[in-house]
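**Q** Handing over start26.cif, mmCIF, C-alpha atoms.
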data_my_file
#
loop_
_atom_site.label_atom_id
_atom_site.label_comp_id
_atom_site.auth_asym_id
_atom_site.auth_seq_id
_atom_site.Cartn_x
_atom_site.Cartn_y
_atom_site.Cartn_z
CA MET T 1 -0.31 -18.13 -19.63
CA THR T 2 -2.41 -15.68 -17.60
CA ASN T 3 -0.49 -13.44 -15.24
CA TRP T 4 -1.62 -13.72 -11.62
CA VAL T 5 1.11 -11.58 -9.99
CA TYR T 6 1.33 -7.79 -10.38
CA PRO T 7 4.31 -6.11 -8.69
CA LEU T 8 3.98 -2.41 -7.87
CA GLY T 9 3.95 -0.36 -11.08
CA THR T 10 2.64 -3.11 -13.39
CA ALA T 11 -1.12 -2.44 -12.96
CA THR T 12 -1.21 1.37 -13.07
CA ASP T 13 -3.96 3.36 -14.82
CA GLY T 14 -3.96 7.15 -14.87
CA LYS T 15 -4.08 8.41 -11.26
CA TRP T 16 -4.33 4.86 -9.93
CA ASP T 17 -1.30 2.89 -8.70
CA VAL T 18 -3.40 -0.28 -9.06
CA SER T 19 -6.50 -0.83 -11.20
CA ILE T 20 -7.48 -4.45 -11.74
CA GLY T 21 -10.89 -5.97 -12.44
CA THR T 22 -12.99 -2.82 -11.90
CA SER T 23 -15.62 -1.43 -14.27
CA ASP T 24 -13.17 1.16 -15.61
CA SER T 25 -9.89 -0.82 -15.52
CA SER T 26 -7.91 -0.71 -18.75
CA LEU T 27 -5.98 -3.83 -17.66
CA THR T 28 -7.89 -7.01 -18.49
CA VAL T 29 -7.17 -10.43 -17.02
CA ASP T 30 -8.48 -13.49 -18.84
CA GLY T 31 -11.16 -15.27 -16.83
CA TRP T 32 -11.34 -12.60 -14.11
CA ALA T 33 -14.95 -11.52 -13.55
CA HIS T 34 -16.07 -11.07 -9.94
CA THR T 35 -13.68 -8.79 -8.00
CA GLY T 36 -11.74 -5.60 -8.52
CA LEU T 37 -9.23 -3.35 -6.75
CA LYS T 38 -8.01 0.20 -7.13
CA VAL T 39 -5.28 1.90 -5.10
CA ALA T 40 -4.36 5.60 -5.29
CA SER T 41 -1.67 7.75 -3.68
CA LEU T 42 -3.09 11.25 -3.26
CA ALA T 43 -1.08 14.42 -2.72
CA ALA T 44 -2.49 16.94 -0.26
CA GLY T 45 -5.73 18.33 -1.68
CA ALA T 46 -5.92 15.81 -4.53
CA THR T 47 -8.98 13.79 -5.54
CA VAL T 48 -9.93 10.72 -7.54
CA GLU T 49 -13.38 9.86 -8.82
CA LEU T 50 -15.23 6.69 -9.78
CA PRO T 51 -18.29 7.07 -11.99
CA ALA T 52 -21.56 5.36 -11.16
CA ALA T 53 -21.42 1.72 -12.28
CA ASP T 54 -23.03 -1.64 -11.64
CA GLU T 55 -20.52 -2.45 -8.92
CA GLU T 56 -20.40 -2.10 -5.15
CA ARG T 57 -17.36 -0.52 -3.53
CA ILE T 58 -15.67 -0.14 -0.18
CA VAL T 59 -13.08 2.59 0.42
CA VAL T 60 -10.23 1.56 2.75
CA PRO T 61 -7.65 4.15 3.93
CA LEU T 62 -4.17 2.60 3.95
CA ASN T 63 -2.46 5.67 5.35
CA GLY T 64 -3.78 9.17 5.88
CA SER T 65 -7.31 10.53 6.23
CA PHE T 66 -9.94 10.97 3.52
CA THR T 67 -13.31 12.43 2.70
CA VAL T 68 -15.53 10.25 0.52
CA THR T 69 -18.50 11.82 -1.26
CA VAL T 70 -21.48 9.67 -2.26
CA ASP T 71 -24.86 11.09 -3.35
CA SER T 72 -23.70 14.62 -2.42
CA THR T 73 -22.99 13.55 1.17
CA ASP T 74 -19.47 13.82 2.59
CA TYR T 75 -18.21 10.99 4.80
CA PRO T 76 -14.99 11.74 6.72
CA LEU T 77 -12.70 8.72 7.24
CA ALA T 78 -10.27 9.35 10.10
CA GLY T 79 -7.81 6.90 8.60
CA ARG T 80 -4.56 5.82 10.23
CA ALA T 81 -0.80 6.31 10.12
CA SER T 82 -0.30 2.95 8.42
CA VAL T 83 -2.05 -0.37 7.90
CA PHE T 84 -0.14 -1.63 10.96
CA SER T 85 -1.75 0.99 13.24
CA GLY T 86 -5.01 -0.86 13.85
CA PRO T 87 -8.35 -0.68 12.02
CA SER T 88 -9.52 2.33 10.02
CA ASP T 89 -12.91 3.81 9.24
CA VAL T 90 -14.11 2.44 5.88
CA LEU T 91 -17.01 3.42 3.62
CA TYR T 92 -19.29 1.09 1.66
CA SER T 93 -21.25 2.35 -1.34
CA GLY T 94 -23.82 0.22 -3.14
CA ALA T 95 -24.14 -0.25 -6.89
CA GLY T 96 -25.06 2.65 -9.15
CA ARG T 97 -23.40 5.40 -7.14
CA ALA T 98 -20.56 7.72 -8.13
CA VAL T 99 -17.75 8.01 -5.57
CA ARG T 100 -15.36 10.92 -5.04
CA ILE T 101 -12.32 10.48 -2.75
CA SER T 102 -10.24 13.40 -1.51
CA SER T 103 -7.51 13.91 1.09
CA ALA T 104 -6.70 17.26 2.66
CA ASP T 105 -3.27 16.17 3.87
CA GLY T 106 -2.53 13.39 1.39
CA GLY T 107 -2.54 9.63 1.79
CA ARG T 108 -2.95 6.26 0.11
CA GLY T 109 -6.28 4.50 -0.16
CA ALA T 110 -7.74 1.34 -1.66
CA VAL T 111 -11.13 0.69 -3.21
CA ALA T 112 -12.40 -2.90 -3.27
CA THR T 113 -15.12 -3.58 -5.85
CA ALA T 114 -17.41 -6.30 -7.16
CA PRO T 115 -20.03 -6.32 -9.93
CA ALA T 116 -23.43 -6.11 -8.23
CA LYS T 117 -27.09 -6.25 -9.19
CA ALA T 118 -28.69 -5.19 -5.91
CA SER T 119 -27.85 -1.81 -4.40
CA TYR T 120 -27.48 -1.60 -0.62
CA PRO T 121 -27.34 1.58 1.49
CA THR T 122 -24.15 3.57 1.83
CA ARG T 123 -22.59 2.80 5.21
CA LEU T 124 -19.63 4.10 7.18
CA VAL T 125 -18.06 1.36 9.31
CA SER T 126 -15.98 3.10 11.98
CA ALA T 127 -12.67 1.79 13.29
CA ALA T 128 -14.29 1.38 16.71
CA GLU T 129 -17.02 -0.94 15.40
CA THR T 130 -14.77 -3.01 13.13
CA PRO T 131 -14.69 -6.64 14.33
CA VAL T 132 -11.07 -7.56 15.15
CA GLU T 133 -10.29 -11.30 15.18
CA LEU T 134 -7.09 -12.92 16.40
CA ARG T 135 -6.91 -16.11 14.34
CA GLY T 136 -4.65 -19.15 14.66
CA ALA T 137 -2.00 -19.56 17.36
CA GLY T 138 1.77 -19.78 17.79
CA ASN T 139 3.60 -18.91 14.60
CA CYS T 140 0.30 -19.11 12.69
CA SER T 141 -1.14 -16.18 14.68
CA ARG T 142 -2.59 -13.30 12.67
CA GLN T 143 -4.98 -10.39 13.12
CA VAL T 144 -8.08 -9.98 10.92
CA HIS T 145 -10.20 -6.84 10.50
CA ASN T 146 -13.61 -8.12 9.37
CA PHE T 147 -15.25 -4.84 8.28
CA GLY T 148 -16.61 -6.22 4.98
CA THR T 149 -17.68 -9.74 5.93
CA PRO T 150 -21.31 -10.93 5.89
CA ALA T 151 -21.61 -10.70 9.69
CA ALA T 152 -20.45 -7.08 9.72
CA LEU T 153 -21.73 -5.52 6.48
CA GLU T 154 -24.88 -5.81 4.40
CA ALA T 155 -23.76 -6.05 0.76
CA ASP T 156 -24.63 -7.80 -2.47
CA ARG T 157 -21.61 -9.85 -3.56
CA PHE T 158 -18.22 -9.20 -2.04
CA ILE T 159 -16.44 -10.20 1.16
CA VAL T 160 -13.64 -7.83 2.19
CA CYS T 161 -11.21 -7.97 5.12
CA GLU T 162 -7.59 -7.22 5.96
CA VAL T 163 -5.01 -9.44 7.65
CA LEU T 164 -1.87 -8.49 9.59
CA THR T 165 0.83 -11.07 10.23
CA PRO T 166 3.77 -10.48 12.62
CA ALA T 167 7.32 -11.04 11.40
CA GLY T 168 8.18 -14.72 10.96
CA ASN T 169 4.56 -15.93 11.11
CA TRP T 170 2.43 -17.70 8.49
CA SER T 171 -1.15 -16.76 7.61
CA SER T 172 -3.63 -18.07 5.01
CA TYR T 173 -2.55 -21.36 6.54
CA PRO T 174 -3.20 -24.22 6.32
CA PRO T 175 -3.56 -23.94 2.52
CA HIS T 176 -7.21 -23.87 1.55
CA LYS T 177 -9.45 -23.27 -1.43
CA HIS T 178 -12.87 -21.88 -2.32
CA ASP T 179 -13.23 -22.67 -6.01
CA GLU T 180 -16.32 -24.91 -6.13
CA GLU T 181 -20.00 -24.55 -5.27
CA LYS T 182 -20.65 -27.60 -3.10
CA ASP T 183 -21.57 -28.52 0.44
CA GLY T 184 -19.15 -26.73 2.75
CA GLU T 185 -17.49 -24.64 0.04
CA THR T 186 -18.27 -21.54 -2.03
CA SER T 187 -16.69 -20.43 -5.30
CA LEU T 188 -14.85 -17.14 -4.77
CA GLU T 189 -12.16 -15.26 -6.67
CA GLU T 190 -9.70 -13.59 -4.33
CA ILE T 191 -7.39 -10.58 -4.52
CA TYR T 192 -4.41 -10.13 -2.19
CA TYR T 193 -3.02 -6.58 -1.97
CA PHE T 194 0.17 -6.49 0.13
CA GLU T 195 2.07 -4.05 2.31
CA THR T 196 5.18 -4.76 4.38
CA GLN T 197 7.18 -3.01 7.10
CA VAL T 198 10.32 -3.59 9.10
CA ALA T 199 9.20 -5.08 12.42
CA ALA T 200 9.58 -3.00 15.57
CA ALA T 201 12.81 -3.59 17.52
CA SER T 202 14.12 -5.78 14.68
CA GLY T 203 17.50 -4.05 14.54
CA ALA T 204 17.21 -3.87 10.74
CA PRO T 205 19.59 -1.59 8.82
CA ALA T 206 18.22 1.54 7.16
CA ASP T 207 18.24 -0.09 3.71
CA ALA T 208 16.38 -3.27 4.78
CA ASP T 209 14.06 -4.62 2.08
CA ALA T 210 10.80 -5.64 3.79
CA ILE T 211 9.48 -8.74 1.99
CA GLY T 212 6.88 -11.47 2.30
CA TYR T 213 5.85 -14.49 0.22
CA GLN T 214 2.60 -15.83 -1.22
CA ARG T 215 1.89 -19.37 -2.47
CA VAL T 216 -0.92 -20.54 -4.81
CA TYR T 217 -1.05 -24.00 -6.41
CA ALA T 218 -3.45 -26.22 -8.34
CA SER T 219 -6.33 -28.06 -6.69
CA ASP T 220 -7.56 -29.77 -9.88
CA GLU T 221 -6.71 -29.94 -13.59
CA ARG T 222 -6.62 -26.14 -13.92
CA PRO T 223 -2.96 -25.09 -13.88
CA ILE T 224 -1.66 -22.47 -11.45
CA ASP T 225 1.71 -22.29 -9.70
CA VAL T 226 2.58 -19.08 -7.85
CA ALA T 227 5.44 -18.63 -5.40
CA ALA T 228 5.76 -14.85 -5.27
CA GLU T 229 8.00 -12.52 -3.28
CA VAL T 230 5.83 -9.54 -2.32
CA ARG T 231 6.36 -5.99 -1.09
CA THR T 232 4.24 -2.89 -0.50
CA GLY T 233 1.95 -2.29 -3.45
CA ASP T 234 2.10 -5.79 -4.96
CA VAL T 235 -1.01 -7.76 -5.91
CA VAL T 236 -1.60 -11.51 -6.29
CA LEU T 237 -4.79 -12.82 -7.88
CA VAL T 238 -6.24 -16.19 -6.84
CA PRO T 239 -8.74 -17.37 -9.48
CA TYR T 240 -8.89 -20.92 -8.06
CA GLY T 241 -6.67 -23.48 -6.38
CA TRP T 242 -5.05 -23.97 -3.00
CA HIS T 243 -3.63 -20.75 -1.58
CA GLY T 244 -1.39 -20.25 1.41
CA PRO T 245 0.73 -19.71 3.19
CA ALA T 246 1.17 -15.96 3.09
CA MET T 247 4.51 -15.71 4.86
CA ALA T 248 5.92 -12.78 6.81
CA ALA T 249 9.70 -13.15 6.52
CA PRO T 250 11.67 -12.86 9.77
CA GLY T 251 12.20 -9.18 10.58
CA TYR T 252 9.26 -7.96 8.47
CA ASP T 253 5.55 -7.63 9.25
CA LEU T 254 3.07 -8.46 6.49
CA TYR T 255 -0.33 -6.94 5.65
CA TYR T 256 -2.81 -7.89 2.99
CA LEU T 257 -6.22 -6.64 1.92
CA ASN T 258 -8.48 -9.47 0.70
CA VAL T 259 -11.32 -8.98 -1.78
CA MET T 260 -13.50 -12.03 -2.53
CA ALA T 261 -16.62 -12.60 -4.63
CA GLY T 262 -17.96 -15.26 -6.94
CA PRO T 263 -20.83 -16.48 -9.10
CA GLY T 264 -22.63 -18.52 -6.47
CA PRO T 265 -26.01 -17.68 -4.93
CA VAL T 266 -24.74 -17.27 -1.36
CA ARG T 267 -22.45 -14.52 0.00
CA GLU T 268 -20.45 -16.71 2.35
CA TRP T 269 -16.80 -17.69 2.88
CA LEU T 270 -16.77 -21.50 3.01
CA ILE T 271 -13.44 -23.26 2.46
CA SER T 272 -11.82 -26.67 2.10
CA ASP T 273 -8.37 -27.31 3.59
CA ASP T 274 -5.65 -29.11 1.66
CA ARG T 275 -5.94 -32.58 3.23
CA HIS T 276 -2.16 -32.82 3.54
CA HIS T 277 -1.98 -29.81 5.86
CA GLY T 278 -5.37 -29.29 7.51
CA TRP T 279 -4.23 -31.19 10.62
CA VAL T 280 -2.24 -28.11 11.63
CA ARG T 281 -5.42 -26.46 12.91
CA GLN T 282 -5.64 -28.97 15.76
CA THR T 283 -2.19 -28.00 17.05
CA TRP T 284 -3.44 -24.47 17.82
CA GLU T 285 -5.54 -25.78 20.71
CA ASN T 286 -2.40 -26.13 22.84
CA GLN T 287 -0.70 -22.90 21.76
CA ASP T 288 -1.16 -19.26 22.75
CA ILE T 289 -1.81 -16.34 20.42
CA ASP T 290 1.39 -14.52 19.50
CA PRO T 291 1.88 -11.82 22.19
CA ARG T 292 2.82 -9.28 19.52
CA LEU T 293 -0.87 -9.14 18.60
CA PRO T 294 -2.93 -7.08 18.29
CA PHE T 295 -1.24 -4.42 16.16
CA VAL T 296 -2.46 -1.18 17.73
CA HIS T 297 -0.95 2.27 17.17
CA GLY T 298 2.14 0.83 15.55
CA LYS T 299 2.71 -1.89 18.14
#
Any chance you could put this one into structure tokens?

**A**
Amino acid sequence: MTNWVYPLGTATDGKWDVSIGTSDSSLTVDGWAHTGLKVASLAAGATVELPAADEERIVVPLNGSFTVTVDSTDYPLAGRASVFSGPSDVLYSGAGRAVRISSADGGRGAVATAPAKASYPTRLVSAAETPVELRGAGNCSRQVHNFGTPAALEADRFIVCEVLTPAGNWSSYPPHKHDEEKDGETSLEEIYYFETQVAAASGAPADADAIGYQRVYASDERPIDVAAEVRTGDVVLVPYGWHGPAMAAPGYDLYYLNVMAGPGPVREWLISDDRHHGWVRQTWENQDIDPRLPFVHGK
């Protein structure tokens, strides 16, 4: 059976803490073809490089600041203290371009990728211009940074965003899917890269183990059954099927970076809700957004 869950340390490759689905990944996943992810932890002054390939990329600082070099031009990314400190500058590079990433003071960064045929211009999306969406309501409230969605970024194939969920809340809910090309739905693979933290003012002990949970289950005859406990650095792949909720356990905030792309002709995120749970959306009309949102400067 194909493995869809990769805890921290199980998808390493050279300097990379995570390397799945990219043009140079040594780890292969049966049936995985449209999205990729790399994550690196850089010491002060260290660099990583990605050779030119037929894939588009977006560099996302997770913590720390970086300089990304594309076509001999340096792009400084101011970065952030952590993924829970609000949006970060990110850098998009189109297909066929080598990318060099360095950090003067050290930090951890992610690179989302997708095979691409058309090459679009390199673009820096600043933290200030990143669309921030507060989605859902009540205990389904979450915060979405839409820096790599079709409305915010011109690209060939992928859709990239990040989601922050306060302790005790559910996101990626109600369960939904995007595994068919049909009216109202697009076929998209999806990567979830997770980070967790002890929630502010939680009273947690020093050795608290910040955890979250991710659910994926079958929508048709193709088998998949994931109920994974996740922590910082873990990855869950969603090739098809219903997925959600992504659950932030009480006491612990949850972050995930989403990378989506597929074989269809349209770059668009169109979903179908699980009919057993889609009614939940209507309940949000009478609820407020969680007052703990937005996450800004560690709030």

**Q** Using only C-alpha atoms, which of the listed residues (T:Gly36, T:Gly251, T:Gly138, T:Pro7) sits closest to Ala204 in chain T?

**A** T:Gly251

**Q** Would you write out, as a ChimeraX atom specification, every residue that the PyMOL selection byres ((chain T and resi 182-190) around 7) captures in this file?

**A** /T:34-35,178-181,191-192,237-240,258-264,268-272

**Q** What is the CA of Ala200 in chain T to CA of Trp284 in chain T distance in Å?

**A**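 We find that CA of Ala200 in chain T and CA of Trp284 in chain T lie 25.2 Å from each other.
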
**Q** Can you tell me, as a list in words, what residues are no more than 9 Å from Tyr193 in chain T when counting all atoms listed in the file, ignoring any on the same chain fewer than 6 positions away?

**A**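 Surrounding residues, per the criterion: Leu37, Thr232, Gly233, Asp234, Val235, Val236, Leu237, Tyr255, Tyr256, Leu257, Asn258 and Val259 of chain T.
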
**Q** Between CA of Pro121 in chain T and CA of Lys38 in chain T, what is the distance, to one decimal in Å?

**A** 21.2 Å

**Q** May I ask which of the residues T:His243, T:Leu27, T:Thr47, T:Arg267 is the closest one to Thr10 in chain T, counting all atoms listed in the file?

**A**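 Ranked by minimum distance to Thr10 in chain T, first place goes to T:Leu27.
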
**Q** May I ask which of the residues T:Ser93, T:Thr149, T:Thr28, T:Ser41 is the closest one to Gly106 in chain T, counting all atoms listed in the file?

**A**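 Smallest distance to Gly106 in chain T is found for T:Ser41.
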
**Q** Could you state which residues are captured by the PyMOL selection byres ((chain T and resi 86) around 7) in this file, as an MDAnalysis selection string?

**A** chainID T and resid 83:85 87:88 295:297

**Q** May I ask for the distance between CA of Phe147 in chain T and CA of Thr130 in chain T, given in Å to one decimal place?

**A**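 Calculated distance between CA of Phe147 in chain T and CA of Thr130 in chain T is 5.2 Å.
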
**Q** Could you write out as a ChimeraX atom specification the residues that the PyMOL selection byres ((chain T and resi 214) around 8) matches in the shown file?

**A** /T:212-213,215-216,226-230,236,243-247

**Q** Choose the residue, out of T:Glu285, T:Asp207, T:Asp105, T:Asp54, that has the smallest atom-to-atom separation from Gly79 in chain T; count only C-alpha atoms.

**A**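 Counting only C-alpha atoms, the residue closest to Gly79 in chain T is T:Asp105.
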
**Q** Do you know which residues are at most 9 Å from Ala104 in chain T counting only C-alpha atoms, after dropping those on the same chain fewer than 6 positions away, and could you put them as a list in words?

**A**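 Here the qualifying residues turn out to be Ala43, Ala44, Gly45, Ala46, Ser65, Phe66 and Thr67 of chain T.
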
**Q** Hey, which of T:Glu56, T:Trp242, T:Leu91, T:Ala206 ends up closest to Asp220 in chain T? Count all atoms listed in the file.

**A**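 Among the listed residues, the smallest separation from Asp220 in chain T belongs to T:Trp242.
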
**Q** Taking only C-alpha atoms into account, which of T:Val5, T:Ala81, T:Val280, T:Val132 comes nearest Glu162 in chain T?

**A**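 Of the candidates, the smallest distance to Glu162 in chain T is held by T:Val132.
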
**Q** Residues within 12 Å of (-6.4, -10.9, -18.5), file coordinates, counting all atoms listed in the file: what are they? Give the list as a VMD selection string.

**A** chain T and resid 1 to 6 11 20 to 21 25 to 33 237 239

**Q** Skipping near chain neighbours, those fewer than 3 positions away, what residues fall within 10 Å of Asn146 in chain T using all atoms listed in the file, listed as a PyMOL selection string?

**A** chain T and resi 87+129-133+143+149-153+159-163
